[in-house]
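Worksheet: the structure to be examined is printed underneath.
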Amino acid sequence: MSADPGPITLDTFQLVLLRHTVAYSSFDPDEKERIFREHLAYTLSLVASGQQLAAGPVKDSPAEDTDICGMGLFQQGSLDKVRELVNADPGVRQGLYYVDVMTWFTPADRITFTNLPAPPP
């Protein structure tokens with residue numbers, strides 16, 4: 001007989017998949033670059049402020065109508081709060097990207113982040 005492992009404790013995160021829109025290919029290359037730079041600055045500001053835990057590009061997206069080009073990880077406690085943050089992204093607002101926002105669970109205390117800013121008072 002095996003011992004009862006007890007309850008499984010999970011940490012909850014919000015996972016964001018960033019996708020190119022169907023219109024992505026119709027954007028002028030200079031406009032894509034400008035919007036990408038605005039998107040990057042916004043994302044880095046979210047990470048620097050501690051509102052977003054991690055972010056970065058991805059490659060080898062599965063074959064779909066729109067490719068996944070990035071991901072982000074949040075721990076805001078609310079999908080609505082995360083949607084509010086990512087919908088303010090200049091790349092999303094200008095139609096270059098759209099996002100899928102979902103809840104992700106992982107065993108508790110498996111993931112840690114260092115150098116996070118102190119939470120606001």
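Identifiers in this document derive from the order of the structure tokens: chains are assigned A, B, ..., residues are numbered from 1 separately in each chain, and ligands are numbered from 1 in order of occurrence.
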
Long-range neighbours of Ile35 (chain A) as a list of chain:residue names, 10 Å cut-off, only C-alpha atoms, 2 positions minimum in chain
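Near neighbours after the sequence-gap exclusion: A:Phe27, A:Pro29, A:Asp30, A:Glu31, A:Lys32, A:Glu33, A:Arg37, A:Glu38, A:His39, A:Leu40, A:Ala41, A:Asp89, A:Pro90, A:Gly91, A:Val92, A:Arg93, A:Gln94, A:Gly95, A:Leu96, A:Tyr97.
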
Mind dumping the selected residues with C-alpha atoms as a PDB file, in the first residue's frame?
ATOM      1  CA  PHE A  27       1.305  46.076 -42.081  1.00  0.00           C
ATOM      2  CA  PRO A  29       7.567  46.768 -42.295  1.00  0.00           C
ATOM      3  CA  ASP A  30       8.414  50.165 -40.783  1.00  0.00           C
ATOM      4  CA  GLU A  31       5.013  50.313 -39.097  1.00  0.00           C
ATOM      5  CA  LYS A  32       5.506  46.761 -37.739  1.00  0.00           C
ATOM      6  CA  GLU A  33       8.866  47.788 -36.299  1.00  0.00           C
ATOM      7  CA  ARG A  37       9.098  48.792 -30.243  1.00  0.00           C
ATOM      8  CA  GLU A  38       6.080  50.329 -28.493  1.00  0.00           C
ATOM      9  CA  HIS A  39       4.887  46.845 -27.500  1.00  0.00           C
ATOM     10  CA  LEU A  40       8.345  45.956 -26.178  1.00  0.00           C
ATOM     11  CA  ALA A  41       8.610  49.140 -24.101  1.00  0.00           C
ATOM     12  CA  ASP A  89      -0.547  47.041 -25.021  1.00  0.00           C
ATOM     13  CA  PRO A  90       0.148  49.329 -28.016  1.00  0.00           C
ATOM     14  CA  GLY A  91       0.561  46.301 -30.284  1.00  0.00           C
ATOM     15  CA  VAL A  92      -2.866  44.992 -29.318  1.00  0.00           C
ATOM     16  CA  ARG A  93      -4.516  48.424 -29.517  1.00  0.00           C
ATOM     17  CA  GLN A  94      -3.085  49.020 -33.018  1.00  0.00           C
ATOM     18  CA  GLY A  95      -4.147  45.613 -34.340  1.00  0.00           C
ATOM     19  CA  LEU A  96      -0.767  43.945 -34.816  1.00  0.00           C
ATOM     20  CA  TYR A  97      -1.342  41.408 -32.027  1.00  0.00           C
TER      21      TYR A  97
END

9 Å contact set for region 45-48 of chain A, only C-alpha atoms, chain neighbours under 6 positions out, as a PyMOL selection string
chain A and resi 54-55+85+116-117

Selected residues written out with N, CA, C and O atoms, as a PDB file, in the first residue's frame:
ATOM      1  N   ALA A  54       6.939  37.442 -16.212  1.00  0.00           N
ATOM      2  CA  ALA A  54       7.862  37.036 -17.265  1.00  0.00           C
ATOM      3  C   ALA A  54       7.206  37.290 -18.614  1.00  0.00           C
ATOM      4  O   ALA A  54       5.976  37.280 -18.729  1.00  0.00           O
ATOM      5  N   ALA A  55       8.036  37.504 -19.619  1.00  0.00           N
ATOM      6  CA  ALA A  55       7.541  37.721 -20.972  1.00  0.00           C
ATOM      7  C   ALA A  55       8.658  37.422 -21.950  1.00  0.00           C
ATOM      8  O   ALA A  55       9.832  37.572 -21.625  1.00  0.00           O
ATOM      9  N   LEU A  85      -4.653  44.789 -18.578  1.00  0.00           N
ATOM     10  CA  LEU A  85      -3.246  45.129 -18.812  1.00  0.00           C
ATOM     11  C   LEU A  85      -2.823  44.843 -20.249  1.00  0.00           C
ATOM     12  O   LEU A  85      -2.196  45.684 -20.903  1.00  0.00           O
ATOM     13  N   LEU A 116      11.977  40.871  -7.855  1.00  0.00           N
ATOM     14  CA  LEU A 116      10.687  41.521  -8.073  1.00  0.00           C
ATOM     15  C   LEU A 116      10.633  42.817  -7.283  1.00  0.00           C
ATOM     16  O   LEU A 116      11.130  42.900  -6.172  1.00  0.00           O
ATOM     17  N   PRO A 117      10.021  43.855  -7.865  1.00  0.00           N
ATOM     18  CA  PRO A 117       9.891  45.103  -7.102  1.00  0.00           C
ATOM     19  C   PRO A 117       8.953  44.899  -5.922  1.00  0.00           C
ATOM     20  O   PRO A 117       8.100  44.009  -5.934  1.00  0.00           O
TER      21      PRO A 117
END

Which residues come within 7 Å of region 8-24 of chain A, counting only C-alpha atoms, excluding same-chain residues fewer than 2 positions away, as a PyMOL selection string?
chain A and resi 6+26-27+66-75+79+95-108

Point-to-point distance from CA of Leu53 (chain A) to CA of Phe113 (chain A), Å rounded to tenths:
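Taking CA of Leu53 (chain A) as the start and CA of Phe113 (chain A) as the end point, the length is 7.2 Å.
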
What parts of region 16-110 of chain A does DSSP call helix (DSSP H, G or I)? I'd like the answer as an MDAnalysis selection string.
chainID A and resid 22:26 29:49 79:87 90:93

To test your reading of the structure, identify every residue in region 1-52 of chain A that backbone DSSP assigns to strand (DSSP E), and report it as an NGL selection string.
:A and (10-20)

Can you write out the residues you just picked, keeping all heavy atoms, as an mmCIF file, in the first residue's frame?
data_model
loop_
_atom_site.group_PDB
_atom_site.id
_atom_site.type_symbol
_atom_site.label_atom_id
_atom_site.label_comp_id
_atom_site.auth_asym_id
_atom_site.auth_seq_id
_atom_site.Cartn_x
_atom_site.Cartn_y
_atom_site.Cartn_z
ATOM 1 N N LEU A 10 -1.722 23.891 -5.349
ATOM 2 C CA LEU A 10 -1.345 24.477 -6.626
ATOM 3 C C LEU A 10 -1.225 25.988 -6.517
ATOM 4 O O LEU A 10 -1.990 26.629 -5.800
ATOM 5 C CB LEU A 10 -2.395 24.144 -7.693
ATOM 6 C CG LEU A 10 -2.617 22.666 -7.987
ATOM 7 C CD1 LEU A 10 -3.810 22.500 -8.919
ATOM 8 C CD2 LEU A 10 -1.373 22.046 -8.595
ATOM 9 N N ASP A 11 -0.254 26.546 -7.233
ATOM 10 C CA ASP A 11 -0.164 27.986 -7.413
ATOM 11 C C ASP A 11 -0.922 28.336 -8.690
ATOM 12 O O ASP A 11 -0.935 27.565 -9.661
ATOM 13 C CB ASP A 11 1.287 28.446 -7.549
ATOM 14 C CG ASP A 11 2.033 28.455 -6.219
ATOM 15 O OD1 ASP A 11 1.369 28.561 -5.173
ATOM 16 O OD2 ASP A 11 3.277 28.371 -6.246
ATOM 17 N N THR A 12 -1.528 29.498 -8.696
ATOM 18 C CA THR A 12 -2.332 29.948 -9.833
ATOM 19 C C THR A 12 -1.657 31.134 -10.506
ATOM 20 O O THR A 12 -1.268 32.095 -9.845
ATOM 21 C CB THR A 12 -3.737 30.363 -9.357
ATOM 22 O OG1 THR A 12 -4.332 29.272 -8.667
ATOM 23 C CG2 THR A 12 -4.618 30.763 -10.522
ATOM 24 N N PHE A 13 -1.532 31.037 -11.805
ATOM 25 C CA PHE A 13 -0.969 32.100 -12.629
ATOM 26 C C PHE A 13 -1.930 32.390 -13.767
ATOM 27 O O PHE A 13 -2.799 31.581 -14.079
ATOM 28 C CB PHE A 13 0.389 31.683 -13.221
ATOM 29 C CG PHE A 13 1.462 31.468 -12.205
ATOM 30 C CD1 PHE A 13 1.624 30.238 -11.596
ATOM 31 C CD2 PHE A 13 2.322 32.498 -11.860
ATOM 32 C CE1 PHE A 13 2.612 30.028 -10.652
ATOM 33 C CE2 PHE A 13 3.327 32.297 -10.914
ATOM 34 C CZ PHE A 13 3.470 31.065 -10.312
ATOM 35 N N GLN A 14 -1.733 33.518 -14.419
ATOM 36 C CA GLN A 14 -2.445 33.815 -15.640
ATOM 37 C C GLN A 14 -1.415 33.786 -16.775
ATOM 38 O O GLN A 14 -0.378 34.446 -16.705
ATOM 39 C CB GLN A 14 -3.140 35.191 -15.589
ATOM 40 C CG GLN A 14 -4.245 35.274 -14.551
ATOM 41 C CD GLN A 14 -3.694 35.476 -13.141
ATOM 42 O OE1 GLN A 14 -2.835 36.321 -12.906
ATOM 43 N NE2 GLN A 14 -4.185 34.683 -12.196
ATOM 44 N N LEU A 15 -1.719 32.983 -17.778
ATOM 45 C CA LEU A 15 -0.836 32.788 -18.922
ATOM 46 C C LEU A 15 -1.419 33.513 -20.127
ATOM 47 O O LEU A 15 -2.612 33.396 -20.405
ATOM 48 C CB LEU A 15 -0.707 31.293 -19.225
ATOM 49 C CG LEU A 15 0.100 30.898 -20.443
ATOM 50 C CD1 LEU A 15 1.575 31.237 -20.243
ATOM 51 C CD2 LEU A 15 -0.063 29.414 -20.736
ATOM 52 N N VAL A 16 -0.579 34.272 -20.805
ATOM 53 C CA VAL A 16 -1.009 35.008 -21.986
ATOM 54 C C VAL A 16 -0.211 34.522 -23.184
ATOM 55 O O VAL A 16 1.020 34.461 -23.133
ATOM 56 C CB VAL A 16 -0.789 36.528 -21.793
ATOM 57 C CG1 VAL A 16 -1.088 37.280 -23.079
ATOM 58 C CG2 VAL A 16 -1.646 37.048 -20.648
ATOM 59 N N LEU A 17 -0.923 34.167 -24.235
ATOM 60 C CA LEU A 17 -0.291 33.855 -25.512
ATOM 61 C C LEU A 17 -0.521 35.044 -26.431
ATOM 62 O O LEU A 17 -1.665 35.465 -26.642
ATOM 63 C CB LEU A 17 -0.883 32.591 -26.127
ATOM 64 C CG LEU A 17 -0.707 31.317 -25.311
ATOM 65 C CD1 LEU A 17 -1.366 30.137 -26.027
ATOM 66 C CD2 LEU A 17 0.761 31.024 -25.035
ATOM 67 N N LEU A 18 0.556 35.593 -26.954
ATOM 68 C CA LEU A 18 0.498 36.721 -27.879
ATOM 69 C C LEU A 18 0.530 36.154 -29.288
ATOM 70 O O LEU A 18 1.382 35.324 -29.613
ATOM 71 C CB LEU A 18 1.699 37.644 -27.639
ATOM 72 C CG LEU A 18 1.753 38.926 -28.457
ATOM 73 C CD1 LEU A 18 0.690 39.912 -27.952
ATOM 74 C CD2 LEU A 18 3.140 39.547 -28.369
ATOM 75 N N ARG A 19 -0.406 36.602 -30.112
ATOM 76 C CA ARG A 19 -0.500 36.110 -31.491
ATOM 77 C C ARG A 19 -0.458 37.273 -32.470
ATOM 78 O O ARG A 19 -0.942 38.356 -32.170
ATOM 79 C CB ARG A 19 -1.820 35.368 -31.709
ATOM 80 C CG ARG A 19 -1.965 34.104 -30.916
ATOM 81 C CD ARG A 19 -3.368 33.504 -31.145
ATOM 82 N NE ARG A 19 -3.555 32.266 -30.438
ATOM 83 C CZ ARG A 19 -3.291 31.066 -30.940
ATOM 84 N NH1 ARG A 19 -2.828 30.950 -32.168
ATOM 85 N NH2 ARG A 19 -3.495 29.985 -30.231
ATOM 86 N N HIS A 20 0.106 37.004 -33.656
ATOM 87 C CA HIS A 20 -0.025 37.959 -34.750
ATOM 88 C C HIS A 20 -1.463 37.895 -35.242
ATOM 89 O O HIS A 20 -2.038 36.821 -35.346
ATOM 90 C CB HIS A 20 0.906 37.594 -35.916
ATOM 91 C CG HIS A 20 2.345 37.785 -35.609
ATOM 92 N ND1 HIS A 20 3.284 36.809 -35.858
ATOM 93 C CD2 HIS A 20 3.028 38.832 -35.086
ATOM 94 C CE1 HIS A 20 4.476 37.259 -35.509
ATOM 95 N NE2 HIS A 20 4.342 38.479 -35.030
#

Go through A:Ile111, A:Asp65, A:Lys59, A:Gln51 and flag the residue nearest Glu84 (chain A), using only C-alpha atoms for the distances.
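Closest residue, counting only C-alpha atoms: A:Gln51.
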
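Rounded to one decimal, CA of Ser78 (chain A) and CA of Asp60 (chain A) lie 28.9 Å from each other.
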
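The closest residue to Ala88 (chain A), picked from A:Val58, A:Thr43, A:Pro5, A:Phe36 and counting only C-alpha atoms, is A:Thr43.
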
Nearest to Gly50 (chain A) by atom-to-atom distance, counting only C-alpha atoms, from A:Gln76, A:Pro7, A:Asn87, A:Arg110:
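Going through A:Gln76, A:Pro7, A:Asn87, A:Arg110 one by one, the smallest distance to Gly50 (chain A) is for A:Gln76.
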
Between CA of Lys81 (chain A) and CA of Tyr42 (chain A), what is the distance in Å, rounded to a tenth?
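Between these atoms lies a distance of 15.9 Å.
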